[in-house]
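Colleague: First the structure, which I've put down as structure tokens, then a few questions once you've had a look.
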Amino acid sequence: MRSDSGHTTSVWMNTADSPSLPRLAQDMRVNVCVVGAGIAGMSTAYLLARAGRGVIVIDDGPVGGGETGRTTAHITHALDDRYYEIEKLHGEEGSRLAAESHSAAISRIESIASVEDIDCDFERVDGYLFLGGDSQRKELEQELDAAHRAGLHEVELVDRIPLEFWNSGPALRFPRQAQFHPLKYLNGLTRAVIRDGGQIFTGAHADKIEDGEPCRVTTSDGHVITADHVVVATNVPVNDWVILHTKQFAYRTFVIGARVPRGSVPRGLYWDTPDPYHYVRLQEVDSRLDPGRFEDILIVGGEDHKTGQEDDADERFKCLEDWTRERFPMVTSIDFRWSGQIIEPMDYMGFIGKNPGTDQHIYIATGDSGNGITHGTIAGMLLSDLILGRENPWKKLYDPSRKTLRAAGEFLKENLNVAVQYGDWVTHGEVGSYEQIEPGTGVVVRRGATKVAVFKDDRGEIHERSAVCTHLYCIVAWNSAERTWDCPCHGSRFDPYGNVVNGPAISPLAEVNAESRGSR
Ligand SMILES: Cc1cc2nc3c(=O)[nH]c(=O)nc-3n(C[C@H](O)[C@H](O)[C@H](O)COP(=O)(O)OP(=O)(O)OC[C@H]3O[C@@H](n4cnc5c(N)ncnc54)[C@H](O)[C@@H]3O)c2cc1C
Ligand code: FES
């Protein structure tokens with residue numbers, strides 16, 4: 001399938017078709033408008049359509065073309081921020097609710113895949129958290145105790161992960177986690193939403209989202225959807241300008257897909273403990289040399305950095321490859337390299353619920369950390385309950401308006417980092433002349449008092465846009481792996497021509513006016 005979130009191709013994009021869906025051609029009136037067709041938006045749309053609500057989903061790209069098409073889809077309640085940390089900020093009851101909600105999400109995905117007969121390779125597998133870097137056994141023991149207090153009594157400490165060719169040392173075993181093919185799952189949800197009377201429009205960019213009775217969603221080609229409720233499931237909300245974006249932070253993470261002989265690595269989910277951590281699983285694919293036979297792709301991710309603050313993807317892919325080959329000698333080739341964006345909330349829990357502030361009918365789902373598949377499914381369960389007027393025990397834990405004073409340290413550290421990025425306004429541009437720009441790459445240049453994002457396409461043609469992010473005016477940086485302009489402040493991303501790829505920005509990079517346009 002096609003992706004509109006970057007240049008690289010994930011194993012999922014290579015092994016699933018995207019359904020052909022119509023474009024929005026007129027104004028519409030509906031009960032619920034969902035903006036964003038990733039796991040969060042599609043899970044919400046599915047549950048509301050099942051409950052008999054009239055639902056429209058819009059997305060400016062294909063279904064699953066955002067981060068859900070770039071995930072590694074470990075489906076787990078082994079939360080990457082650790083239960084002992086969550087407990088410190090949210091108490092034992094908060095930690096218990098976190099475990100309960102992610103466990104329920106795993107079961108909900110399993111039941112939806114089964115009831116809807118979605119052929120998405122869903123499989124229950126065990127998950128293993130093992131030591132890496134300088135981590136000590138104590139860390140695992142601490143997490144084991146906290147996981148038990150959170151109600152995950154079946155988690156146990158084992159001597160090693162079940163790989164006979166590599167002794168990992170002690171690990172925590174989380175039984176009955178799961179994995180699936182995320183795009184095949186979304187294709188199944190798409191079919192079910194349409195069967196239940198919902199409508200899905202792709203190629204529809206929401207330009208403006210306004211609360212009211214009814215709410216209004218205006219698309220960039222001028223159509224208006226009026227709705228009783230709007231769910232903003234754009235991964236990062238495009239309707240909130242400041243509040244949330246000081247409470248969550250964007251990171252880029254990298255993944256390789258290595259071909260290994262079928263059955264040579266036992267199926268499971270594997271993570272190590274450092275920050276950033278490695279995450280590993282397998283996916284069965286058709287053999288390249290012998291179609292009809294299957295081989296395994298060993299998926300290994302990690303090497304995260306803050307969005308827009310480094311551009312060294314080749315080195316990060318190389319580190320992943322070295323790490324993998326050292327532990328998995330059966331790797332025959334590296335067939336996939338891709339990256340994606342992770343949104344880290346400052347207090348470890350995502351934000352799902354009514355949009356903070358005065359909005360009455362606008363809901364958001366964001367801040368899903370490296371657990372966005374379960375988190376997006378929780379969003380579907382929680383937001384559909386809120387819209388349908390049903391009680392939900394997780395409402396307070398995920399409330400986007402909550403204040404977690406104990407997370408003040410993280411808040412200050414990350415927002416200081418944002419403040420430093422505004423210094424890019426006064427630094428020099430990256431090149432002096434267009435001849436120095438390689439085809440297929442972009443460079444920021446100084447032009448008088450401002451900065452210009454210059455992209456030279458593969459044919460050598462120059463495309464210029466203002467380098468000033470349309471969210472809160474930081475200077476964007478070129479991401480050479482994904483061929484996007486990435487903002488180092490709150491993670492907005494734009495394609496080479498300036499169109500928005502990721503919020504919080506909702507508008508494209510501005511045109512460069514005639515006076516400051518450079519000579520070609
Ligand atoms: C490399 C990687 C590995 C990961 N591994 C895991 C894992 O193992 N387990 C796990 O649980 N999670 C994992 N995650 C996280 C998880 O994949 C994501 O958090 C999750 O897929 C996000 O889903 P979403 O629906 O919120 O967003 P998305 O899938 O990004 O969907 C948002 C949609 O909104 C659309 N959109 C945005 N703005 C607009 C607009 N203005 N108008 C119209 N449409 C718009 C986009 O086109 C997009 O399709 C990983 C993420 C990455 C990148
Ligand atoms: S994302 Fe906030 S300034 Fe760019």
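Residue numbers start at 1 in each chain; chains themselves are named A, B, ... in the order of the structure tokens; ligands are numbered from 1 in the order shown.
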Compile the contact shell of A:Asp304 as JSON, numbers by chain: residues with an atom at most 8 Å away, counting only C-alpha atoms, same-chain residues fewer than 2 positions apart removed.
Modeller: {"A": [251, 252, 253, 254, 276, 302, 306]}
Colleague: Grab the residues selected above and save them as an mmCIF file, in the first residue's frame with C-alpha atoms.
Modeller:
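Writing the result to selection_13.cif gives the following:
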```
data_model
loop_
_atom_site.group_PDB
_atom_site.id
_atom_site.type_symbol
_atom_site.label_atom_id
_atom_site.label_comp_id
_atom_site.auth_asym_id
_atom_site.auth_seq_id
_atom_site.Cartn_x
_atom_site.Cartn_y
_atom_site.Cartn_z
ATOM 1 C CA TYR A 251 10.505 10.906 19.111
ATOM 2 C CA ARG A 252 11.626 9.182 15.897
ATOM 3 C CA THR A 253 12.264 5.445 16.145
ATOM 4 C CA PHE A 254 13.920 3.106 13.613
ATOM 5 C CA PRO A 276 15.899 3.789 24.131
ATOM 6 C CA GLY A 302 15.063 1.047 18.525
ATOM 7 C CA LYS A 306 13.890 13.418 19.389
#
```
Colleague: Would you kindly return, as a PDB file with all heavy atoms, in the first residue's frame, each protein, DNA or RNA residue with an atom no farther than 7 Å from any atom of stretch 497-510 of chain A, considering only C-alpha atoms and excluding same-chain residues fewer than 4 positions away?
Modeller:
```
ATOM      1  N   ASP A   4       1.426   7.948   3.393  1.00  0.00           N
ATOM      2  CA  ASP A   4       1.656   9.387   3.269  1.00  0.00           C
ATOM      3  C   ASP A   4       2.415   9.908   4.478  1.00  0.00           C
ATOM      4  O   ASP A   4       2.384  11.083   4.769  1.00  0.00           O
ATOM      5  CB  ASP A   4       0.325  10.131   3.091  1.00  0.00           C
ATOM      6  CG  ASP A   4      -0.583   9.958   4.300  1.00  0.00           C
ATOM      7  OD1 ASP A   4      -0.453   8.944   5.005  1.00  0.00           O
ATOM      8  OD2 ASP A   4      -1.419  10.844   4.533  1.00  0.00           O
ATOM      9  N   SER A   5       3.107   8.996   5.188  1.00  0.00           N
ATOM     10  CA  SER A   5       3.805   9.447   6.393  1.00  0.00           C
ATOM     11  C   SER A   5       5.317   9.324   6.266  1.00  0.00           C
ATOM     12  O   SER A   5       6.015   9.412   7.267  1.00  0.00           O
ATOM     13  CB  SER A   5       3.300   8.642   7.595  1.00  0.00           C
ATOM     14  OG  SER A   5       3.377   7.255   7.329  1.00  0.00           O
ATOM     15  N   ASP A 207      -9.005  20.882   7.918  1.00  0.00           N
ATOM     16  CA  ASP A 207      -8.302  22.167   8.014  1.00  0.00           C
ATOM     17  C   ASP A 207      -8.697  22.922   9.269  1.00  0.00           C
ATOM     18  O   ASP A 207      -7.936  23.730   9.786  1.00  0.00           O
ATOM     19  CB  ASP A 207      -8.720  23.032   6.818  1.00  0.00           C
ATOM     20  CG  ASP A 207      -7.547  23.387   5.960  1.00  0.00           C
ATOM     21  OD1 ASP A 207      -6.428  22.979   6.293  1.00  0.00           O
ATOM     22  OD2 ASP A 207      -7.763  24.077   4.953  1.00  0.00           O
ATOM     23  N   VAL A 236      -1.449  13.003  16.830  1.00  0.00           N
ATOM     24  CA  VAL A 236      -1.181  14.192  17.632  1.00  0.00           C
ATOM     25  C   VAL A 236      -2.330  15.142  17.309  1.00  0.00           C
ATOM     26  O   VAL A 236      -2.599  15.380  16.136  1.00  0.00           O
ATOM     27  CB  VAL A 236       0.152  14.829  17.207  1.00  0.00           C
ATOM     28  CG1 VAL A 236       0.388  16.108  17.984  1.00  0.00           C
ATOM     29  CG2 VAL A 236       1.294  13.860  17.416  1.00  0.00           C
ATOM     30  N   PRO A 237      -3.024  15.681  18.311  1.00  0.00           N
ATOM     31  CA  PRO A 237      -4.202  16.490  18.002  1.00  0.00           C
ATOM     32  C   PRO A 237      -3.852  17.711  17.154  1.00  0.00           C
ATOM     33  O   PRO A 237      -2.859  18.396  17.426  1.00  0.00           O
ATOM     34  CB  PRO A 237      -4.710  16.940  19.378  1.00  0.00           C
ATOM     35  CG  PRO A 237      -4.066  16.045  20.354  1.00  0.00           C
ATOM     36  CD  PRO A 237      -2.787  15.558  19.751  1.00  0.00           C
ATOM     37  N   VAL A 238      -4.679  17.958  16.139  1.00  0.00           N
ATOM     38  CA  VAL A 238      -4.444  19.118  15.269  1.00  0.00           C
ATOM     39  C   VAL A 238      -5.398  20.243  15.638  1.00  0.00           C
ATOM     40  O   VAL A 238      -5.440  21.264  14.962  1.00  0.00           O
ATOM     41  CB  VAL A 238      -4.604  18.729  13.782  1.00  0.00           C
ATOM     42  CG1 VAL A 238      -3.508  17.797  13.332  1.00  0.00           C
ATOM     43  CG2 VAL A 238      -5.976  18.091  13.527  1.00  0.00           C
ATOM     44  N   HIS A 463      12.109  23.081  -5.026  1.00  0.00           N
ATOM     45  CA  HIS A 463      10.805  23.441  -4.451  1.00  0.00           C
ATOM     46  C   HIS A 463      11.084  24.149  -3.139  1.00  0.00           C
ATOM     47  O   HIS A 463      11.774  23.596  -2.278  1.00  0.00           O
ATOM     48  CB  HIS A 463       9.966  22.191  -4.194  1.00  0.00           C
ATOM     49  CG  HIS A 463       9.802  21.333  -5.417  1.00  0.00           C
ATOM     50  ND1 HIS A 463       8.734  21.441  -6.266  1.00  0.00           N
ATOM     51  CD2 HIS A 463      10.620  20.384  -5.953  1.00  0.00           C
ATOM     52  CE1 HIS A 463       8.879  20.580  -7.266  1.00  0.00           C
ATOM     53  NE2 HIS A 463      10.020  19.931  -7.098  1.00  0.00           N
ATOM     54  N   ARG A 465       9.716  26.307   0.331  1.00  0.00           N
ATOM     55  CA  ARG A 465       8.651  26.683   1.254  1.00  0.00           C
ATOM     56  C   ARG A 465       9.302  27.400   2.430  1.00  0.00           C
ATOM     57  O   ARG A 465      10.501  27.215   2.691  1.00  0.00           O
ATOM     58  CB  ARG A 465       7.935  25.437   1.796  1.00  0.00           C
ATOM     59  CG  ARG A 465       7.008  24.805   0.811  1.00  0.00           C
ATOM     60  CD  ARG A 465       5.732  25.585   0.743  1.00  0.00           C
ATOM     61  NE  ARG A 465       4.888  25.220  -0.365  1.00  0.00           N
ATOM     62  CZ  ARG A 465       3.574  25.429  -0.381  1.00  0.00           C
ATOM     63  NH1 ARG A 465       2.987  25.992   0.656  1.00  0.00           N
ATOM     64  NH2 ARG A 465       2.859  25.106  -1.409  1.00  0.00           N
ATOM     65  N   SER A 466       8.524  28.162   3.169  1.00  0.00           N
ATOM     66  CA  SER A 466       9.066  28.746   4.393  1.00  0.00           C
ATOM     67  C   SER A 466       9.493  27.602   5.321  1.00  0.00           C
ATOM     68  O   SER A 466       8.808  26.583   5.404  1.00  0.00           O
ATOM     69  CB  SER A 466       7.991  29.583   5.082  1.00  0.00           C
ATOM     70  OG  SER A 466       8.395  29.825   6.410  1.00  0.00           O
ATOM     71  N   ALA A 467      10.618  27.775   6.017  1.00  0.00           N
ATOM     72  CA  ALA A 467      11.072  26.739   6.961  1.00  0.00           C
ATOM     73  C   ALA A 467      10.442  26.930   8.339  1.00  0.00           C
ATOM     74  O   ALA A 467      10.803  26.227   9.289  1.00  0.00           O
ATOM     75  CB  ALA A 467      12.588  26.764   7.072  1.00  0.00           C
ATOM     76  N   VAL A 468       9.516  27.874   8.449  1.00  0.00           N
ATOM     77  CA  VAL A 468       8.921  28.168   9.756  1.00  0.00           C
ATOM     78  C   VAL A 468       7.697  27.279   9.960  1.00  0.00           C
ATOM     79  O   VAL A 468       6.726  27.355   9.202  1.00  0.00           O
ATOM     80  CB  VAL A 468       8.511  29.658   9.844  1.00  0.00           C
ATOM     81  CG1 VAL A 468       7.905  29.941  11.212  1.00  0.00           C
ATOM     82  CG2 VAL A 468       9.713  30.556   9.585  1.00  0.00           C
ATOM     83  N   CYS A 469       7.761  26.412  10.967  1.00  0.00           N
ATOM     84  CA  CYS A 469       6.667  25.484  11.257  1.00  0.00           C
ATOM     85  C   CYS A 469       5.393  26.277  11.521  1.00  0.00           C
ATOM     86  O   CYS A 469       5.410  27.289  12.226  1.00  0.00           O
ATOM     87  CB  CYS A 469       7.049  24.655  12.485  1.00  0.00           C
ATOM     88  SG  CYS A 469       5.727  23.592  13.065  1.00  0.00           S
ATOM     89  N   THR A 470       4.289  25.798  10.949  1.00  0.00           N
ATOM     90  CA  THR A 470       3.029  26.540  11.091  1.00  0.00           C
ATOM     91  C   THR A 470       2.334  26.266  12.425  1.00  0.00           C
ATOM     92  O   THR A 470       1.247  26.781  12.657  1.00  0.00           O
ATOM     93  CB  THR A 470       2.075  26.202   9.926  1.00  0.00           C
ATOM     94  OG1 THR A 470       1.937  24.772   9.858  1.00  0.00           O
ATOM     95  CG2 THR A 470       2.614  26.737   8.617  1.00  0.00           C
ATOM     96  N   HIS A 471       2.956  25.465  13.294  1.00  0.00           N
ATOM     97  CA  HIS A 471       2.388  25.303  14.634  1.00  0.00           C
ATOM     98  C   HIS A 471       2.808  26.481  15.495  1.00  0.00           C
ATOM     99  O   HIS A 471       2.096  27.475  15.563  1.00  0.00           O
ATOM    100  CB  HIS A 471       2.802  23.944  15.245  1.00  0.00           C
ATOM    101  CG  HIS A 471       2.324  23.769  16.647  1.00  0.00           C
ATOM    102  ND1 HIS A 471       3.142  23.326  17.658  1.00  0.00           N
ATOM    103  CD2 HIS A 471       1.120  23.992  17.220  1.00  0.00           C
ATOM    104  CE1 HIS A 471       2.452  23.278  18.785  1.00  0.00           C
ATOM    105  NE2 HIS A 471       1.216  23.666  18.538  1.00  0.00           N
ATOM    106  N   SER A 492       5.706  18.264  14.555  1.00  0.00           N
ATOM    107  CA  SER A 492       4.975  18.393  13.282  1.00  0.00           C
ATOM    108  C   SER A 492       5.896  17.961  12.154  1.00  0.00           C
ATOM    109  O   SER A 492       7.113  18.166  12.217  1.00  0.00           O
ATOM    110  CB  SER A 492       4.574  19.840  13.022  1.00  0.00           C
ATOM    111  OG  SER A 492       3.580  20.235  13.923  1.00  0.00           O
ATOM    112  N   ARG A 493       5.296  17.380  11.105  1.00  0.00           N
ATOM    113  CA  ARG A 493       6.109  16.968   9.957  1.00  0.00           C
ATOM    114  C   ARG A 493       5.383  17.383   8.678  1.00  0.00           C
ATOM    115  O   ARG A 493       4.157  17.429   8.621  1.00  0.00           O
ATOM    116  CB  ARG A 493       6.355  15.461   9.991  1.00  0.00           C
ATOM    117  CG  ARG A 493       7.193  15.065  11.202  1.00  0.00           C
ATOM    118  CD  ARG A 493       7.393  13.563  11.318  1.00  0.00           C
ATOM    119  NE  ARG A 493       7.997  13.007  10.148  1.00  0.00           N
ATOM    120  CZ  ARG A 493       7.453  12.006   9.436  1.00  0.00           C
ATOM    121  NH1 ARG A 493       6.300  11.468   9.811  1.00  0.00           N
ATOM    122  NH2 ARG A 493       8.059  11.544   8.370  1.00  0.00           N
TER     123      ARG A 493
END
```
Colleague: Show me a table, sorted first by chain and then by increasing residue number, of the residues of stretch 58-170 of chain A having an atom at most 9 Å from stretch 6-17 of chain A, each with its shortest atom pair and the distance in Å to one decimal, counting only C-alpha atoms and written as CSV.
Modeller:
```
residue,atom,partner,partner_atom,distance
A:Gly65,CA,A:Met13,CA,8.6
A:Gly66,CA,A:Gly6,CA,8.7
A:Gly69,CA,A:Trp12,CA,6.4
A:Arg70,CA,A:Ser10,CA,5.8
A:Thr71,CA,A:Ser10,CA,8.3
A:Thr72,CA,A:Trp12,CA,8.9
```
Colleague: If you keep N, CA, C and O atoms, can you produce a file of those selected residues as an mmCIF file, in the first residue's frame?
Modeller:
```
data_model
loop_
_atom_site.group_PDB
_atom_site.id
_atom_site.type_symbol
_atom_site.label_atom_id
_atom_site.label_comp_id
_atom_site.auth_asym_id
_atom_site.auth_seq_id
_atom_site.Cartn_x
_atom_site.Cartn_y
_atom_site.Cartn_z
ATOM 1 N N GLY A 65 -2.296 4.814 6.813
ATOM 2 C CA GLY A 65 -1.122 5.441 6.183
ATOM 3 C C GLY A 65 -0.266 6.235 7.153
ATOM 4 O O GLY A 65 0.808 6.708 6.803
ATOM 5 N N GLY A 66 -0.722 6.400 8.403
ATOM 6 C CA GLY A 66 0.055 7.126 9.410
ATOM 7 C C GLY A 66 0.966 6.184 10.170
ATOM 8 O O GLY A 66 1.543 5.238 9.605
ATOM 9 N N GLY A 69 0.748 2.245 10.102
ATOM 10 C CA GLY A 69 1.409 1.502 9.027
ATOM 11 C C GLY A 69 2.914 1.370 9.254
ATOM 12 O O GLY A 69 3.620 0.740 8.463
ATOM 13 N N ARG A 70 3.426 1.982 10.319
ATOM 14 C CA ARG A 70 4.877 1.990 10.589
ATOM 15 C C ARG A 70 5.206 1.313 11.913
ATOM 16 O O ARG A 70 6.361 1.267 12.328
ATOM 17 N N THR A 71 4.184 0.822 12.581
ATOM 18 C CA THR A 71 4.371 0.226 13.902
ATOM 19 C C THR A 71 5.137 -1.096 13.787
ATOM 20 O O THR A 71 5.461 -1.555 12.688
ATOM 21 N N THR A 72 5.417 -1.736 14.932
ATOM 22 C CA THR A 72 5.856 -3.130 14.880
ATOM 23 C C THR A 72 4.788 -4.045 15.481
ATOM 24 O O THR A 72 4.936 -5.262 15.462
#
```
Colleague: With a distance cut-off of 8 Å and only C-alpha atoms, select the neighbouring residues of A:Cys487, excluding the residue or stretch itself and same-chain residues fewer than 6 positions from it, and output the selection as a list in words.
Modeller: Thr307, Gly308, Cys469, Cys474, Ile475, Val476, Ala477 and Arg493 of chain A
Colleague: Could you take the residues named above and write them with N, CA, C and O atoms, as a PDB file, in the first residue's frame?
Modeller:
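Contents of out-v8.pdb, freshly written:
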```pdb
ATOM      1  N   THR A 307      12.418  13.946  17.558  1.00  0.00           N
ATOM      2  CA  THR A 307      12.072  14.309  16.183  1.00  0.00           C
ATOM      3  C   THR A 307      12.735  15.624  15.782  1.00  0.00           C
ATOM      4  O   THR A 307      12.727  16.595  16.544  1.00  0.00           O
ATOM      5  N   GLY A 308      13.326  15.617  14.578  1.00  0.00           N
ATOM      6  CA  GLY A 308      13.873  16.855  14.020  1.00  0.00           C
ATOM      7  C   GLY A 308      15.182  17.299  14.634  1.00  0.00           C
ATOM      8  O   GLY A 308      15.697  18.364  14.301  1.00  0.00           O
ATOM      9  N   CYS A 469       7.761  26.412  10.967  1.00  0.00           N
ATOM     10  CA  CYS A 469       6.667  25.484  11.257  1.00  0.00           C
ATOM     11  C   CYS A 469       5.393  26.277  11.521  1.00  0.00           C
ATOM     12  O   CYS A 469       5.410  27.289  12.226  1.00  0.00           O
ATOM     13  N   CYS A 474       8.785  27.149  15.149  1.00  0.00           N
ATOM     14  CA  CYS A 474      10.175  26.679  15.169  1.00  0.00           C
ATOM     15  C   CYS A 474      10.629  26.482  13.721  1.00  0.00           C
ATOM     16  O   CYS A 474       9.816  26.487  12.796  1.00  0.00           O
ATOM     17  N   ILE A 475      11.916  26.253  13.539  1.00  0.00           N
ATOM     18  CA  ILE A 475      12.457  26.026  12.195  1.00  0.00           C
ATOM     19  C   ILE A 475      12.528  24.511  11.960  1.00  0.00           C
ATOM     20  O   ILE A 475      13.100  23.786  12.771  1.00  0.00           O
ATOM     21  N   VAL A 476      11.970  24.067  10.834  1.00  0.00           N
ATOM     22  CA  VAL A 476      11.961  22.628  10.548  1.00  0.00           C
ATOM     23  C   VAL A 476      13.357  22.150  10.118  1.00  0.00           C
ATOM     24  O   VAL A 476      14.206  22.968   9.744  1.00  0.00           O
ATOM     25  N   ALA A 477      13.551  20.837  10.173  1.00  0.00           N
ATOM     26  CA  ALA A 477      14.836  20.254   9.755  1.00  0.00           C
ATOM     27  C   ALA A 477      14.546  19.120   8.771  1.00  0.00           C
ATOM     28  O   ALA A 477      13.487  18.485   8.840  1.00  0.00           O
ATOM     29  N   ARG A 493       5.296  17.380  11.105  1.00  0.00           N
ATOM     30  CA  ARG A 493       6.109  16.968   9.957  1.00  0.00           C
ATOM     31  C   ARG A 493       5.383  17.383   8.678  1.00  0.00           C
ATOM     32  O   ARG A 493       4.157  17.429   8.621  1.00  0.00           O
TER      33      ARG A 493
END
```
Colleague: Quick one: DSSP helix (DSSP H, G or I) residues in stretch 15-234 of chain A, as a count of residues only?
Modeller: 75
Colleague: Within 8 Å of A:Pro400, counting only C-alpha atoms, which residues qualify if same-chain residues fewer than 6 places away don't, as a list of chain:residue names?
Modeller: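 Surrounding residues, per the criterion: A:Leu244, A:Gly350, A:Phe351, A:Ile352, A:Gly353, A:Lys354, A:Asn355, A:Pro356, A:Ile364.
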Colleague: Residues near A:Gly36, anyone? I mean within 9 Å using only C-alpha atoms, not counting same-chain ones fewer than 2 positions away, as a list in words.
Modeller: Val34, Gly38, Ile39, Ala40, Gly41, Met42, Val57, Ile58, Asp59, Asp60, Gly61, Val63, Gly64, Gly66, Val231, Val232, Ala233, Thr234 and Asn235 of chain A
Colleague: May I have the residues from that selection written out with C-alpha atoms, as a CSV table (one decimal), in the first residue's frame?
Modeller:
```csv
chain,number,residue,atom,x,y,z
A,34,VAL,CA,-13.8,10.8,13.3
A,38,GLY,CA,-5.3,4.8,12.2
A,39,ILE,CA,-5.8,2.3,15.0
A,40,ALA,CA,-7.4,4.9,17.3
A,41,GLY,CA,-9.8,6.4,14.8
A,42,MET,CA,-10.8,3.1,13.2
A,57,VAL,CA,-14.2,8.8,9.1
A,58,ILE,CA,-11.9,11.2,7.1
A,59,ASP,CA,-8.2,10.9,6.6
A,60,ASP,CA,-5.9,12.9,4.3
A,61,GLY,CA,-4.1,9.7,3.3
A,63,VAL,CA,-6.4,4.1,6.0
A,64,GLY,CA,-3.4,3.1,8.1
A,66,GLY,CA,0.1,7.1,9.4
A,231,VAL,CA,-13.1,12.5,17.5
A,232,VAL,CA,-9.7,13.9,16.7
A,233,ALA,CA,-7.6,10.7,16.2
A,234,THR,CA,-4.8,12.2,14.2
A,235,ASN,CA,-2.1,10.7,16.5
```
Colleague: Neighbours of stretch 172-185 of chain A within 8 Å (only C-alpha atoms; same-chain residues fewer than 4 positions away dropped), as a compact mmCIF listing (two decimals) with N, CA and C atoms, in the first residue's frame?
Modeller:
```txt
# COMPACT_ATOMS: atom_id res chain seq x y z
N TRP A 12 4.62 -4.09 6.61
CA TRP A 12 3.13 -4.13 6.49
C TRP A 12 2.69 -3.52 5.17
N MET A 13 3.30 -2.38 4.84
CA MET A 13 2.91 -1.69 3.60
C MET A 13 3.19 -2.58 2.39
N ALA A 16 0.24 -5.69 2.29
CA ALA A 16 -1.23 -5.49 2.39
C ALA A 16 -1.66 -4.49 1.33
N GLY A 64 -4.65 3.69 7.62
CA GLY A 64 -3.41 3.07 8.11
C GLY A 64 -2.14 3.69 7.52
N THR A 68 0.27 3.87 12.23
CA THR A 68 -0.18 2.48 12.34
C THR A 68 0.41 1.62 11.21
N GLY A 69 0.75 2.24 10.10
CA GLY A 69 1.41 1.50 9.03
C GLY A 69 2.91 1.37 9.25
N THR A 71 4.18 0.82 12.58
CA THR A 71 4.37 0.23 13.90
C THR A 71 5.14 -1.10 13.79
N ALA A 73 3.73 -3.41 16.04
CA ALA A 73 2.53 -4.15 16.46
C ALA A 73 2.82 -5.28 17.44
N HIS A 74 3.62 -4.99 18.46
CA HIS A 74 3.67 -5.85 19.64
C HIS A 74 2.40 -5.47 20.41
N ILE A 75 1.53 -6.41 20.66
CA ILE A 75 0.26 -6.09 21.34
C ILE A 75 0.39 -6.57 22.77
N THR A 76 0.52 -5.64 23.70
CA THR A 76 1.01 -6.07 25.01
C THR A 76 0.52 -5.21 26.16
N HIS A 77 0.50 -5.80 27.35
CA HIS A 77 0.31 -4.98 28.56
C HIS A 77 1.64 -4.82 29.31
N ALA A 78 2.75 -5.21 28.68
CA ALA A 78 4.08 -4.95 29.26
C ALA A 78 4.44 -3.51 28.87
N ILE A 106 -6.04 -6.01 24.46
CA ILE A 106 -5.55 -7.21 23.76
C ILE A 106 -6.74 -8.14 23.48
N ALA A 113 -11.10 -9.47 15.83
CA ALA A 113 -10.51 -10.24 14.71
C ALA A 113 -11.29 -11.54 14.50
N ILE A 118 -11.37 -11.46 10.61
CA ILE A 118 -10.32 -10.66 9.96
C ILE A 118 -9.04 -11.51 9.88
N ASP A 119 -8.61 -11.74 8.68
CA ASP A 119 -7.41 -12.56 8.46
C ASP A 119 -6.18 -11.66 8.62
N CYS A 120 -5.77 -11.44 9.89
CA CYS A 120 -4.72 -10.44 10.15
C CYS A 120 -3.56 -11.06 10.93
N ASP A 121 -3.39 -12.36 10.84
CA ASP A 121 -2.27 -13.06 11.48
C ASP A 121 -2.25 -12.85 12.99
N PHE A 122 -3.42 -12.59 13.60
CA PHE A 122 -3.45 -12.42 15.06
C PHE A 122 -3.00 -13.71 15.73
N GLU A 123 -2.14 -13.56 16.70
CA GLU A 123 -1.60 -14.74 17.37
C GLU A 123 -1.23 -14.36 18.80
N ARG A 124 -1.59 -15.19 19.75
CA ARG A 124 -1.15 -14.98 21.14
C ARG A 124 0.27 -15.51 21.27
N VAL A 125 1.16 -14.73 21.82
CA VAL A 125 2.56 -15.16 22.04
C VAL A 125 3.01 -14.61 23.39
N ASP A 126 4.04 -15.19 23.96
CA ASP A 126 4.56 -14.65 25.22
C ASP A 126 5.49 -13.47 24.93
N GLY A 127 5.58 -12.56 25.90
CA GLY A 127 6.49 -11.42 25.78
C GLY A 127 7.60 -11.53 26.82
N TYR A 128 8.80 -11.10 26.46
CA TYR A 128 9.95 -11.20 27.38
C TYR A 128 10.67 -9.86 27.47
N LEU A 129 10.85 -9.40 28.70
CA LEU A 129 11.63 -8.18 28.96
C LEU A 129 12.97 -8.62 29.53
N PHE A 130 14.06 -8.37 28.80
CA PHE A 130 15.37 -8.85 29.26
C PHE A 130 16.32 -7.68 29.48
N LEU A 140 14.46 -5.77 36.95
CA LEU A 140 13.42 -6.75 36.60
C LEU A 140 12.61 -7.12 37.84
N LEU A 144 8.73 -6.76 38.34
CA LEU A 144 7.93 -7.95 38.64
C LEU A 144 6.97 -7.65 39.80
N GLU A 154 0.39 -13.35 36.69
CA GLU A 154 1.00 -14.43 35.92
C GLU A 154 2.40 -14.05 35.38
N VAL A 155 2.80 -12.79 35.54
CA VAL A 155 4.15 -12.40 35.10
C VAL A 155 5.17 -13.10 35.98
N GLU A 156 6.25 -13.62 35.38
CA GLU A 156 7.25 -14.34 36.20
C GLU A 156 8.66 -14.03 35.72
N LEU A 157 9.60 -14.21 36.67
CA LEU A 157 11.02 -14.01 36.35
C LEU A 157 11.58 -15.35 35.88
N VAL A 158 12.20 -15.35 34.69
CA VAL A 158 12.78 -16.59 34.17
C VAL A 158 14.29 -16.39 33.95
N LEU A 189 -11.44 -3.76 9.85
CA LEU A 189 -12.29 -2.74 10.50
C LEU A 189 -12.99 -1.88 9.45
N LEU A 269 7.44 -11.86 21.68
CA LEU A 269 7.74 -10.43 21.69
C LEU A 269 8.92 -10.27 22.63
```
Colleague: Leaving out A:Glu321 and any residue of its chain fewer than 3 positions from it, which residues lie within 10 Å of it when counting only C-alpha atoms, given as number ranges by chain?
Modeller: A: 255-258, 300-301, 315-318, 324-326, 331, 333-334, 337
